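Raw contents of input03.csv, CSV, C-alpha atoms:
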chain,number,residue,atom,x,y,z
E,1,MET,CA,57.4,13.3,39.2
E,2,ASN,CA,56.3,15.2,36.2
E,3,VAL,CA,59.2,17.6,35.6
E,4,PRO,CA,58.4,19.8,32.6
E,5,SER,CA,62.0,20.3,31.6
E,6,ARG,CA,62.4,16.6,30.8
E,7,THR,CA,61.5,15.0,27.6
E,8,PRO,CA,58.7,12.5,27.8
E,9,ILE,CA,61.2,9.7,27.6
E,10,GLU,CA,63.3,11.1,30.4
E,11,ARG,CA,60.1,11.5,32.4
E,12,VAL,CA,59.1,7.9,32.0
E,13,CYS,CA,62.6,6.5,32.1
E,14,PRO,CA,65.1,8.7,34.0
E,15,ARG,CA,68.5,9.2,32.6
E,16,ARG,CA,70.9,6.3,33.3
E,17,ASN,CA,74.4,6.7,34.6
E,18,LYS,CA,77.1,6.7,32.0
E,19,GLY,CA,78.7,3.3,32.0
E,20,ALA,CA,75.6,1.7,33.4
E,21,ASP,CA,74.6,0.6,29.9
E,22,ARG,CA,76.8,-2.4,29.7
E,23,PRO,CA,76.4,-5.8,31.4
E,24,ASN,CA,76.8,-5.9,35.1
E,25,PRO,CA,77.9,-2.2,35.5
E,26,GLY,CA,79.9,-1.7,38.7
E,27,GLY,CA,79.4,-5.4,39.6
E,28,ILE,CA,75.9,-4.8,40.8
E,29,LEU,CA,74.8,-8.3,39.7
E,30,ASP,CA,75.8,-11.3,41.7
E,31,SER,CA,77.3,-14.4,40.0
E,32,ARG,CA,73.9,-15.5,38.8
E,33,GLY,CA,73.2,-12.0,37.5
E,34,ASP,CA,70.0,-11.5,39.3
E,35,ARG,CA,70.7,-9.0,42.1
E,36,ASP,CA,70.6,-5.3,41.8
E,37,PRO,CA,70.5,-3.3,45.0
E,38,ARG,CA,68.9,-0.4,43.2
E,39,GLY,CA,66.1,-2.6,42.0
E,40,GLU,CA,65.6,-4.1,45.4
E,41,ALA,CA,65.6,-0.6,46.9
E,42,LEU,CA,63.0,0.6,44.4
E,43,LEU,CA,60.9,-2.5,45.2
E,44,GLN,CA,61.1,-1.7,48.9
E,45,SER,CA,60.2,1.9,48.3
E,46,PHE,CA,56.6,0.8,47.8
E,47,PRO,CA,55.9,-0.7,51.2
E,48,VAL,CA,53.3,-3.4,51.4
E,49,ASP,CA,50.6,-3.0,54.0
E,50,PRO,CA,49.1,-6.5,54.4
E,51,ASP,CA,45.7,-5.0,55.4
E,52,SER,CA,45.3,-2.9,52.3
E,53,GLU,CA,45.5,-3.2,48.5
E,54,SER,CA,49.1,-3.2,47.2
E,55,PRO,CA,50.3,0.3,46.4
E,56,VAL,CA,51.5,-1.0,43.0
E,57,THR,CA,48.0,-2.3,42.3
E,58,ARG,CA,46.5,1.1,43.3
E,59,LEU,CA,49.0,3.0,41.1
E,60,LEU,CA,48.4,0.8,38.1
E,61,GLU,CA,44.6,1.2,38.5
E,62,ARG,CA,45.0,5.0,38.8
E,63,TRP,CA,47.2,5.0,35.7
E,64,VAL,CA,44.8,3.0,33.6
E,65,GLU,CA,42.1,5.4,34.7
E,66,GLY,CA,44.1,8.3,33.2
E,67,ASP,CA,46.2,9.5,36.1
E,68,GLU,CA,49.6,10.0,34.3
E,69,ALA,CA,51.3,10.9,37.6
E,70,ALA,CA,50.6,7.4,38.8
E,71,GLY,CA,52.4,6.0,35.7
E,72,ASP,CA,55.3,8.4,36.2
E,73,GLU,CA,55.6,7.1,39.8
E,74,LEU,CA,55.7,3.5,38.8
E,75,ALA,CA,57.7,3.8,35.5
E,76,PRO,CA,61.2,4.0,37.2
E,77,LEU,CA,60.4,0.8,39.1
E,78,VAL,CA,59.3,-1.0,36.0
E,79,TYR,CA,62.3,0.3,34.1
E,80,GLU,CA,64.7,-0.9,36.7
E,81,GLU,CA,63.1,-4.2,36.8
E,82,LEU,CA,63.3,-4.6,33.0
E,83,LYS,CA,66.9,-3.5,33.0
E,84,LEU,CA,67.8,-5.7,35.9
E,85,LEU,CA,66.3,-8.7,34.2
E,86,ALA,CA,68.0,-7.8,30.8
E,87,LEU,CA,71.4,-7.5,32.5
E,88,GLY,CA,70.8,-10.7,34.4
E,89,HIS,CA,69.9,-12.5,31.1
E,90,MET,CA,73.2,-11.2,29.6
E,91,ALA,CA,75.2,-12.3,32.6
E,92,ARG,CA,73.8,-15.8,32.5
E,93,ARG,CA,73.8,-16.2,28.7
E,94,PRO,CA,76.6,-14.0,27.4
E,95,GLY,CA,76.6,-15.5,23.9
E,96,GLU,CA,72.9,-15.3,23.4
E,97,ARG,CA,71.6,-12.3,21.6
E,98,THR,CA,67.9,-12.8,21.4
E,99,LEU,CA,66.2,-11.4,24.4
E,100,GLN,CA,62.4,-11.6,24.3
E,101,PRO,CA,60.4,-8.7,25.6
E,102,THR,CA,57.7,-11.1,26.6
E,103,ALA,CA,60.1,-12.9,28.9
E,104,LEU,CA,61.3,-9.6,30.4
E,105,VAL,CA,57.8,-8.3,31.0
E,106,ASN,CA,56.5,-11.5,32.4
E,107,GLU,CA,59.4,-12.0,34.8
E,108,ALA,CA,59.2,-8.3,35.9
E,109,TRP,CA,55.5,-8.9,36.7
E,110,MET,CA,56.2,-12.0,38.7
E,111,ARG,CA,58.9,-10.2,40.7
E,112,LEU,CA,56.6,-7.3,41.4
E,113,MET,CA,53.7,-9.6,42.4
E,114,ARG,CA,55.9,-11.5,44.8
E,115,ALA,CA,57.6,-8.5,46.3
E,116,GLN,CA,54.6,-6.2,46.3
E,117,GLY,CA,51.6,-8.4,46.5
E,118,ALA,CA,50.3,-6.7,43.4
E,119,SER,CA,46.9,-8.3,42.5
E,120,PHE,CA,46.7,-10.7,39.7
E,121,GLN,CA,43.9,-8.6,38.2
E,122,SER,CA,46.3,-5.7,37.8
E,123,ARG,CA,48.6,-7.8,35.6
E,124,ASN,CA,47.2,-6.5,32.4
E,125,HIS,CA,47.7,-2.9,33.6
E,126,PHE,CA,51.3,-3.7,34.3
E,127,TYR,CA,51.8,-5.2,30.9
E,128,ALA,CA,50.5,-2.0,29.4
E,129,LEU,CA,52.8,0.2,31.5
E,130,ALA,CA,55.8,-2.2,30.7
E,131,ALA,CA,55.1,-1.9,27.0
E,132,ARG,CA,55.0,1.9,27.3
E,133,VAL,CA,58.4,1.8,29.2
E,134,MET,CA,59.9,-0.5,26.6
E,135,ARG,CA,58.9,1.9,23.9
E,136,SER,CA,60.5,4.8,25.7
E,137,VAL,CA,63.7,2.8,26.3
E,138,LEU,CA,64.0,2.0,22.6
E,139,LEU,CA,63.3,5.5,21.5
E,140,ASP,CA,65.8,6.9,24.0
E,141,HIS,CA,68.4,4.4,22.7
E,142,ALA,CA,67.7,5.3,19.1
E,143,ARG,CA,67.9,9.0,19.8
E,144,ARG,CA,71.1,8.6,21.8
E,145,LYS,CA,72.7,6.7,19.0
E,146,GLY,CA,71.5,9.5,16.7
E,147,SER,CA,73.2,12.2,18.7
E,148,GLU,CA,76.4,10.1,19.0
E,149,LYS,CA,76.6,9.7,15.2
E,150,ARG,CA,76.1,13.4,14.5
E,151,GLY,CA,74.5,13.9,11.2
E,152,GLY,CA,75.1,10.4,10.0
E,153,HIS,CA,72.2,8.1,9.4
E,154,LEU,CA,70.6,9.8,12.4
E,155,GLY,CA,71.5,6.7,14.4
E,156,ARG,CA,68.3,4.9,13.9
E,157,VAL,CA,67.8,1.5,15.4
E,158,SER,CA,67.4,0.0,12.0
E,159,VAL,CA,66.3,-3.5,11.9
E,160,ASP,CA,65.2,-6.0,9.3
E,161,LEU,CA,61.6,-6.2,8.5
E,162,GLN,CA,61.2,-9.8,7.6
E,163,ALA,CA,58.4,-10.3,5.2
E,164,LYS,CA,57.3,-13.7,4.1
E,165,ALA,CA,58.4,-13.1,0.6
E,166,PRO,CA,62.2,-12.7,0.5
E,167,THR,CA,61.9,-9.9,-2.0
E,168,GLU,CA,60.1,-7.7,0.6
E,169,HIS,CA,63.0,-7.5,2.9
E,170,ARG,CA,63.6,-4.0,4.2
E,171,ALA,CA,64.7,-2.0,7.1
E,172,LEU,CA,62.5,-1.1,10.0
E,173,ASP,CA,63.4,2.0,11.9
E,174,ILE,CA,62.2,2.4,15.5
E,175,LEU,CA,61.9,6.2,15.1
E,176,HIS,CA,59.7,5.8,12.0
E,177,VAL,CA,57.7,3.1,13.7
E,178,ASN,CA,57.1,5.5,16.6
E,179,ASP,CA,56.1,8.4,14.3
E,180,ALA,CA,53.7,6.2,12.4
E,181,LEU,CA,52.3,4.8,15.6
E,182,GLU,CA,51.7,8.3,17.0
E,183,ARG,CA,49.7,9.1,13.9
E,184,LEU,CA,47.8,5.9,14.2
E,185,THR,CA,47.0,6.6,17.8
E,186,GLU,CA,45.7,10.0,17.0
E,187,MET,CA,43.2,8.4,14.7
E,188,ASP,CA,42.4,5.4,16.7
E,189,ALA,CA,43.7,5.1,20.3
E,190,GLU,CA,42.8,1.5,20.7
E,191,LEU,CA,44.8,0.5,17.6
E,192,GLY,CA,47.7,2.5,19.0
E,193,ARG,CA,47.5,0.7,22.4
E,194,LEU,CA,47.2,-2.7,20.7
E,195,VAL,CA,50.4,-2.1,18.7
E,196,GLU,CA,52.2,-0.8,21.8
E,197,LEU,CA,51.3,-4.0,23.7
E,198,ARG,CA,52.1,-6.4,20.9
E,199,PHE,CA,55.1,-4.8,19.3
E,200,PHE,CA,56.8,-3.1,22.2
E,201,GLY,CA,55.5,-5.3,25.0
E,202,GLY,CA,55.8,-8.5,23.1
E,203,LEU,CA,52.4,-9.6,24.3
E,204,ASP,CA,50.6,-12.5,22.5
E,205,MET,CA,47.2,-11.8,21.0
E,206,GLU,CA,45.3,-13.3,23.9
E,207,SER,CA,47.1,-11.2,26.5
E,208,ALA,CA,46.9,-8.0,24.5
E,209,ALA,CA,43.2,-8.6,23.9
E,210,ALA,CA,42.6,-9.1,27.7
E,211,ALA,CA,44.6,-6.0,28.4
E,212,LEU,CA,42.3,-4.0,26.2
E,213,GLY,CA,39.1,-5.7,27.2
E,214,LEU,CA,38.6,-7.1,23.7
E,215,SER,CA,37.7,-10.6,22.5
E,216,LYS,CA,40.6,-12.4,20.9
E,217,ARG,CA,38.8,-12.3,17.6
E,218,THR,CA,38.3,-8.6,17.7
E,219,ALA,CA,41.9,-8.0,18.7
E,220,GLU,CA,43.0,-10.2,15.7
E,221,ARG,CA,40.9,-8.2,13.3
E,222,ARG,CA,42.1,-4.9,14.8
E,223,TRP,CA,45.7,-6.1,14.6
E,224,THR,CA,45.3,-6.9,10.9
E,225,VAL,CA,44.2,-3.3,10.4
E,226,ALA,CA,47.0,-1.8,12.4
E,227,SER,CA,49.7,-4.0,11.0
E,228,ALA,CA,48.7,-3.4,7.4
E,229,TRP,CA,48.3,0.4,7.9
E,230,LEU,CA,51.7,0.6,9.6
E,231,GLN,CA,53.5,-1.5,7.0
E,232,GLU,CA,52.1,0.8,4.3
E,233,GLU,CA,53.3,3.9,6.2
E,234,LEU,CA,56.7,2.4,6.9
E,235,GLY,CA,57.0,1.2,3.3
E,236,GLU,CA,56.4,4.7,2.1
E,237,SER,CA,58.9,6.3,4.4
R,238,MET,CA,47.6,12.3,-3.1
R,239,ASP,CA,47.8,9.1,-1.0
R,240,ARG,CA,50.9,10.1,0.8
R,241,ASP,CA,49.6,13.4,1.8
R,242,ARG,CA,46.4,11.9,3.0
R,243,SER,CA,48.1,9.5,5.4
R,244,ARG,CA,50.1,12.4,6.9
R,245,GLU,CA,46.8,14.1,7.8
R,246,PRO,CA,45.6,13.7,11.4
R,247,SER,CA,42.8,11.5,10.0
R,248,ASP,CA,43.2,8.9,7.2
R,249,PRO,CA,39.8,8.1,5.8
R,250,ALA,CA,41.3,4.9,4.3
R,251,LEU,CA,41.8,3.4,7.7
R,252,GLY,CA,38.2,3.2,8.7
R,253,LEU,CA,37.1,2.1,5.2
R,254,PHE,CA,39.8,-0.5,5.1
R,255,GLU,CA,38.5,-2.0,8.4
R,256,GLU,CA,34.9,-1.9,7.2
R,257,ALA,CA,35.9,-3.5,3.9
R,258,LEU,CA,37.5,-6.4,5.8
R,259,GLY,CA,34.0,-7.4,6.9
R,260,ILE,CA,32.7,-7.4,3.3
R,261,ALA,CA,32.8,-10.7,1.3
R,262,GLU,CA,35.7,-10.6,-1.1
R,263,GLU,CA,33.5,-10.9,-4.2
R,264,ASP,CA,31.5,-7.8,-3.1
R,265,ARG,CA,34.5,-5.6,-2.1
R,266,ASP,CA,35.2,-3.9,-5.4
R,267,ALA,CA,31.6,-2.7,-5.7
R,268,TRP,CA,31.5,-1.8,-2.0
R,269,ILE,CA,34.7,0.3,-2.3
R,270,ASP,CA,33.5,2.0,-5.5
R,271,ALA,CA,30.2,2.9,-3.7
R,272,HIS,CA,32.0,4.2,-0.6
R,273,CYS,CA,34.9,6.1,-2.2
R,274,GLY,CA,32.8,7.7,-5.0
R,275,ALA,CA,34.9,9.7,-7.3
R,276,ASP,CA,37.9,9.7,-5.0
R,277,ARG,CA,40.1,7.2,-6.9
R,278,ALA,CA,43.1,7.8,-4.8
R,279,LEU,CA,41.2,6.8,-1.7
R,280,ALA,CA,39.8,3.7,-3.4
R,281,THR,CA,43.3,2.7,-4.5
R,282,ARG,CA,44.7,3.2,-1.0
R,283,VAL,CA,41.9,1.0,0.5
R,284,ARG,CA,42.6,-1.7,-2.0
R,285,ARG,CA,46.3,-1.5,-1.3
R,286,LEU,CA,45.7,-1.9,2.4
R,287,LEU,CA,43.4,-4.9,1.7
R,288,ALA,CA,46.1,-6.5,-0.5
R,289,ARG,CA,48.6,-5.9,2.3
R,290,ALA,CA,46.4,-7.6,4.8
R,291,ALA,CA,45.7,-10.5,2.4
R,292,SER,CA,49.4,-11.0,1.8
R,293,GLY,CA,49.8,-12.3,5.3
R,294,THR,CA,52.8,-10.2,6.1
R,295,ASP,CA,53.0,-8.8,9.5
R,296,LEU,CA,55.0,-6.5,11.7
R,297,PRO,CA,58.0,-8.5,13.0
R,298,ALA,CA,58.4,-9.3,16.7
R,299,LEU,CA,60.6,-6.8,18.4
R,300,ALA,CA,63.0,-9.5,19.6
R,301,ASP,CA,63.5,-10.5,16.0
R,302,VAL,CA,64.7,-7.1,15.0
R,303,VAL,CA,66.3,-5.4,18.0
R,304,ASP,CA,68.8,-6.8,20.5
R,305,LEU,CA,67.1,-5.7,23.7
R,306,ALA,CA,70.1,-6.6,25.8
R,307,GLU,CA,72.2,-4.0,23.9
R,308,VAL,CA,69.4,-1.5,24.3
R,309,PHE,CA,69.4,-1.9,28.1

File written out as structure tokens:
Amino acid sequence: MNVPSRTPIERVCPRRNKGADRPNPGGILDSRGDRDPRGEALLQSFPVDPDSESPVTRLLERWVEGDEAAGDELAPLVYEELKLLALGHMARRPGERTLQPTALVNEAWMRLMRAQGASFQSRNHFYALAARVMRSVLLDHARRKGSEKRGGHLGRVSVDLQAKAPTEHRALDILHVNDALERLTEMDAELGRLVELRFFGGLDMESAAAALGLSKRTAERRWTVASAWLQEELGES
Amino acid sequence: MDRDRSREPSDPALGLFEEALGIAEEDRDAWIDAHCGADRALATRVRRLLARAASGTDLPALADVVDLAEVF
């Protein structure tokens, strides 16, 4: 599924239909907001053979070993799962604005495990891929907003960076975060992956450490390094 | 120039900063001087990163800063 003419984001997360960005587009969710035929169809497109390892598990393992095509194959499924769950959340709690990435990623994993028999051991691989997809979705969104605004503030997804001291309140821009994260990853791939897991995937320290094969203590120290470096970078932007 | 350095593919302050975290606070200044030599800009940047880490500020959680439901 690696189509060269697509941007990396489009490759990981295919273009969505116009009008499908709002809650319950086309009535695809039921009254509980948790049914999406497209999601179910994607889940079923990875048939489970009870006598062999789940195809999802195999693809996740291949991706972690460096096979990008395996990630490309799985990313649409992960994306649809995350989107389905986000829309379901909105349908059930229309007034609630805070949607936790952790909850999305965990629930997506549970659904996948149930439907596909993905092995529990591949959970951390899934978290890593889900964090990658989440990052792509946010970048795609920020860039779309940018092109819609045409020369305005470049349509960044600007957000408040809440520091402990009220005087250090400032905006955080997803595009800037991504640029800085790319530079960090060039210097230290492990730090980059840690930030992707924690910031974009919403993983707690313990899960992120497990996903990277680090002790929690090492992950904490490395997070301190990554976080301080990124804040310096973003503060200077 | 600090800013230029951080835009380079490699930022020498990053590795020094991580190493310095493992040095006892009272020995850090001497350690930084010894490792940065005459490069005052590098020493300043390492100290700034250490101060940032010591301040306890952290990157925010994504859910605190972006409405994911709107994004999807």

- Neighbour list for segment 214-218 of chain E as JSON, numbers by chain, cut-off 8 Å, all atoms listed in the file, skip fewer than 5 positions in-chain: {"E": [205, 206, 209]}

Atoms kept (C-alpha atoms) for selection, written as a CSV table (one decimal), keeping the file's coordinate frame:
chain,number,residue,atom,x,y,z
E,205,MET,CA,47.2,-11.8,21.0
E,206,GLU,CA,45.3,-13.3,23.9
E,209,ALA,CA,43.2,-8.6,23.9

- Given all atoms listed in the file as the counted atoms, nearest of R:Ala267, R:Ala278, R:Pro249, R:Glu255 to chain E: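 So, comparing all the options, the nearest one is R:Glu255.
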
- Which polymer residues, protein or nucleic acid, are no farther than 12 Å from (39.5, -4.8, 17.1), counting all atoms listed in the file, as a ChimeraX atom specification? /E:188-195,205,208-210,212-227 /R:252,255-256,258-259

- Dig up all the protein and nucleic acid residues within 7 Å of (61.2, -10.2, 21.2) in the file frame, using all atoms listed in the file, and format them as JSON, numbers by chain. {"E": [99, 100, 101, 102, 202], "R": [298, 299, 300, 301]}

Can I get the selection written as a short mmCIF file (atom, residue, chain, number, x, y, z; two decimals), in the frame of the given file, with C-alpha atoms?
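File written: part15.cif
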data_model
loop_
_atom_site.label_atom_id
_atom_site.label_comp_id
_atom_site.auth_asym_id
_atom_site.auth_seq_id
_atom_site.Cartn_x
_atom_site.Cartn_y
_atom_site.Cartn_z
CA LEU E 99 66.20 -11.40 24.40
CA GLN E 100 62.40 -11.60 24.30
CA PRO E 101 60.40 -8.70 25.60
CA THR E 102 57.70 -11.10 26.60
CA GLY E 202 55.80 -8.50 23.10
CA ALA R 298 58.40 -9.30 16.70
CA LEU R 299 60.60 -6.80 18.40
CA ALA R 300 63.00 -9.50 19.60
CA ASP R 301 63.50 -10.50 16.00
#

- Task: Select, from E:Arg58, E:Ala115, E:Glu148, E:Glu81, the residue with the minimum atom-to-atom distance to chain R, counting all atoms listed in the file.
- Result: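 Closest to chain R, using all atoms listed in the file: E:Glu81.
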
For the contact check between chain R and chain E, emit one row per residue of chain R within 10 Å, containing the shortest atom pair and the distance in Å rounded to one decimal, counting only C-alpha atoms, chain then rising number order, as JSON lines.
{"residue": "R:Arg240", "atom": "CA", "partner": "E:Glu236", "partner_atom": "CA", "distance": 7.8}
{"residue": "R:Ser243", "atom": "CA", "partner": "E:Glu233", "partner_atom": "CA", "distance": 7.7}
{"residue": "R:Arg244", "atom": "CA", "partner": "E:Arg183", "partner_atom": "CA", "distance": 7.7}
{"residue": "R:Glu245", "atom": "CA", "partner": "E:Arg183", "partner_atom": "CA", "distance": 8.4}
{"residue": "R:Pro246", "atom": "CA", "partner": "E:Arg183", "partner_atom": "CA", "distance": 6.6}
{"residue": "R:Ser247", "atom": "CA", "partner": "E:Met187", "partner_atom": "CA", "distance": 5.6}
{"residue": "R:Asp248", "atom": "CA", "partner": "E:Met187", "partner_atom": "CA", "distance": 7.5}
{"residue": "R:Pro249", "atom": "CA", "partner": "E:Met187", "partner_atom": "CA", "distance": 9.5}
{"residue": "R:Ala250", "atom": "CA", "partner": "E:Trp229", "partner_atom": "CA", "distance": 9.1}
{"residue": "R:Leu251", "atom": "CA", "partner": "E:Trp229", "partner_atom": "CA", "distance": 7.2}
{"residue": "R:Gly252", "atom": "CA", "partner": "E:Val225", "partner_atom": "CA", "distance": 9.0}
{"residue": "R:Phe254", "atom": "CA", "partner": "E:Val225", "partner_atom": "CA", "distance": 7.4}
{"residue": "R:Glu255", "atom": "CA", "partner": "E:Val225", "partner_atom": "CA", "distance": 6.2}
{"residue": "R:Glu256", "atom": "CA", "partner": "E:Val225", "partner_atom": "CA", "distance": 9.9}
{"residue": "R:Leu258", "atom": "CA", "partner": "E:Arg221", "partner_atom": "CA", "distance": 8.4}
{"residue": "R:Gly259", "atom": "CA", "partner": "E:Arg221", "partner_atom": "CA", "distance": 9.4}
{"residue": "R:Arg282", "atom": "CA", "partner": "E:Glu232", "partner_atom": "CA", "distance": 9.4}
{"residue": "R:Val283", "atom": "CA", "partner": "E:Trp229", "partner_atom": "CA", "distance": 9.8}
{"residue": "R:Arg285", "atom": "CA", "partner": "E:Glu232", "partner_atom": "CA", "distance": 8.4}
{"residue": "R:Leu286", "atom": "CA", "partner": "E:Ala228", "partner_atom": "CA", "distance": 6.0}
{"residue": "R:Leu287", "atom": "CA", "partner": "E:Ala228", "partner_atom": "CA", "distance": 7.9}
{"residue": "R:Ala288", "atom": "CA", "partner": "E:Ala228", "partner_atom": "CA", "distance": 8.9}
{"residue": "R:Arg289", "atom": "CA", "partner": "E:Ala228", "partner_atom": "CA", "distance": 5.7}
{"residue": "R:Ala290", "atom": "CA", "partner": "E:Ala228", "partner_atom": "CA", "distance": 5.4}
{"residue": "R:Ala291", "atom": "CA", "partner": "E:Ala228", "partner_atom": "CA", "distance": 9.2}
{"residue": "R:Ser292", "atom": "CA", "partner": "E:Lys164", "partner_atom": "CA", "distance": 8.7}
{"residue": "R:Gly293", "atom": "CA", "partner": "E:Lys164", "partner_atom": "CA", "distance": 7.7}
{"residue": "R:Thr294", "atom": "CA", "partner": "E:Ala163", "partner_atom": "CA", "distance": 5.7}
{"residue": "R:Asp295", "atom": "CA", "partner": "E:Ser227", "partner_atom": "CA", "distance": 6.0}
{"residue": "R:Leu296", "atom": "CA", "partner": "E:Ser227", "partner_atom": "CA", "distance": 5.9}
{"residue": "R:Pro297", "atom": "CA", "partner": "E:Leu161", "partner_atom": "CA", "distance": 6.2}
{"residue": "R:Ala298", "atom": "CA", "partner": "E:Phe199", "partner_atom": "CA", "distance": 6.2}
{"residue": "R:Leu299", "atom": "CA", "partner": "E:Phe199", "partner_atom": "CA", "distance": 5.9}
{"residue": "R:Ala300", "atom": "CA", "partner": "E:Gln100", "partner_atom": "CA", "distance": 5.2}
{"residue": "R:Asp301", "atom": "CA", "partner": "E:Thr98", "partner_atom": "CA", "distance": 7.3}
{"residue": "R:Val302", "atom": "CA", "partner": "E:Val159", "partner_atom": "CA", "distance": 5.0}
{"residue": "R:Val303", "atom": "CA", "partner": "E:Val159", "partner_atom": "CA", "distance": 6.4}
{"residue": "R:Asp304", "atom": "CA", "partner": "E:Thr98", "partner_atom": "CA", "distance": 6.1}
{"residue": "R:Leu305", "atom": "CA", "partner": "E:Leu99", "partner_atom": "CA", "distance": 5.8}
{"residue": "R:Ala306", "atom": "CA", "partner": "E:Ala86", "partner_atom": "CA", "distance": 5.6}
{"residue": "R:Glu307", "atom": "CA", "partner": "E:Arg22", "partner_atom": "CA", "distance": 7.6}
{"residue": "R:Val308", "atom": "CA", "partner": "E:His141", "partner_atom": "CA", "distance": 6.2}
{"residue": "R:Phe309", "atom": "CA", "partner": "E:Lys83", "partner_atom": "CA", "distance": 5.7}

- Task: Please indicate the distance in Å from atom CA of Ser119 of chain E to atom CA of Val56 of chain E, rounded to one decimal place.
- Result: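 These atoms are spaced 8.6 Å apart.
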
- Coordinates-based distance that separates atom CA of Asp179 of chain E from atom CA of Glu68 of chain E (Å, one decimal):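 Atom-to-atom, atom CA of Glu68 of chain E to atom CA of Asp179 of chain E, that is 21.1 Å.
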
Some atoms are missing, so please complete segment 181-186 of chain E with all heavy atoms and return it as an mmCIF file, in the coordinates of the input.
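The resulting part.cif:
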data_model
loop_
_atom_site.group_PDB
_atom_site.id
_atom_site.type_symbol
_atom_site.label_atom_id
_atom_site.label_comp_id
_atom_site.auth_asym_id
_atom_site.auth_seq_id
_atom_site.Cartn_x
_atom_site.Cartn_y
_atom_site.Cartn_z
ATOM 1 N N LEU E 181 53.200 5.227 14.572
ATOM 2 C CA LEU E 181 52.300 4.800 15.600
ATOM 3 C C LEU E 181 51.624 5.975 16.304
ATOM 4 O O LEU E 181 50.455 5.886 16.685
ATOM 5 C CB LEU E 181 53.131 3.988 16.686
ATOM 6 C CG LEU E 181 52.373 3.372 17.853
ATOM 7 C CD1 LEU E 181 51.178 2.554 17.364
ATOM 8 C CD2 LEU E 181 53.299 2.506 18.692
ATOM 9 N N GLU E 182 52.328 7.088 16.418
ATOM 10 C CA GLU E 182 51.700 8.300 17.000
ATOM 11 C C GLU E 182 50.537 8.760 16.084
ATOM 12 O O GLU E 182 49.484 9.149 16.577
ATOM 13 C CB GLU E 182 52.723 9.398 17.169
ATOM 14 C CG GLU E 182 53.568 9.178 18.412
ATOM 15 C CD GLU E 182 54.597 10.267 18.643
ATOM 16 O OE1 GLU E 182 54.689 11.181 17.793
ATOM 17 O OE2 GLU E 182 55.302 10.191 19.652
ATOM 18 N N ARG E 183 50.764 8.700 14.761
ATOM 19 C CA ARG E 183 49.700 9.100 13.900
ATOM 20 C C ARG E 183 48.495 8.152 13.962
ATOM 21 O O ARG E 183 47.341 8.561 13.977
ATOM 22 C CB ARG E 183 50.181 9.162 12.406
ATOM 23 C CG ARG E 183 51.148 10.305 12.138
ATOM 24 C CD ARG E 183 51.288 10.569 10.632
ATOM 25 N NE ARG E 183 51.799 9.448 9.880
ATOM 26 C CZ ARG E 183 53.083 9.127 9.793
ATOM 27 N NH1 ARG E 183 53.995 9.834 10.434
ATOM 28 N NH2 ARG E 183 53.473 8.089 9.078
ATOM 29 N N LEU E 184 48.829 6.871 14.037
ATOM 30 C CA LEU E 184 47.800 5.900 14.200
ATOM 31 C C LEU E 184 46.966 6.090 15.453
ATOM 32 O O LEU E 184 45.731 6.025 15.461
ATOM 33 C CB LEU E 184 48.361 4.454 14.135
ATOM 34 C CG LEU E 184 47.379 3.293 14.208
ATOM 35 C CD1 LEU E 184 46.476 3.260 12.975
ATOM 36 C CD2 LEU E 184 48.124 1.955 14.335
ATOM 37 N N THR E 185 47.676 6.362 16.534
ATOM 38 C CA THR E 185 47.000 6.600 17.800
ATOM 39 C C THR E 185 46.117 7.782 17.817
ATOM 40 O O THR E 185 45.056 7.776 18.451
ATOM 41 C CB THR E 185 48.101 6.691 18.938
ATOM 42 O OG1 THR E 185 48.944 5.548 18.880
ATOM 43 C CG2 THR E 185 47.467 6.783 20.315
ATOM 44 N N GLU E 186 46.548 8.826 17.086
ATOM 45 C CA GLU E 186 45.700 10.000 17.000
ATOM 46 C C GLU E 186 44.360 9.669 16.329
ATOM 47 O O GLU E 186 43.319 10.205 16.677
ATOM 48 C CB GLU E 186 46.376 11.089 16.127
ATOM 49 C CG GLU E 186 47.367 11.952 16.897
ATOM 50 C CD GLU E 186 48.078 12.921 15.972
ATOM 51 O OE1 GLU E 186 47.448 13.390 14.994
ATOM 52 O OE2 GLU E 186 49.268 13.182 16.204
#
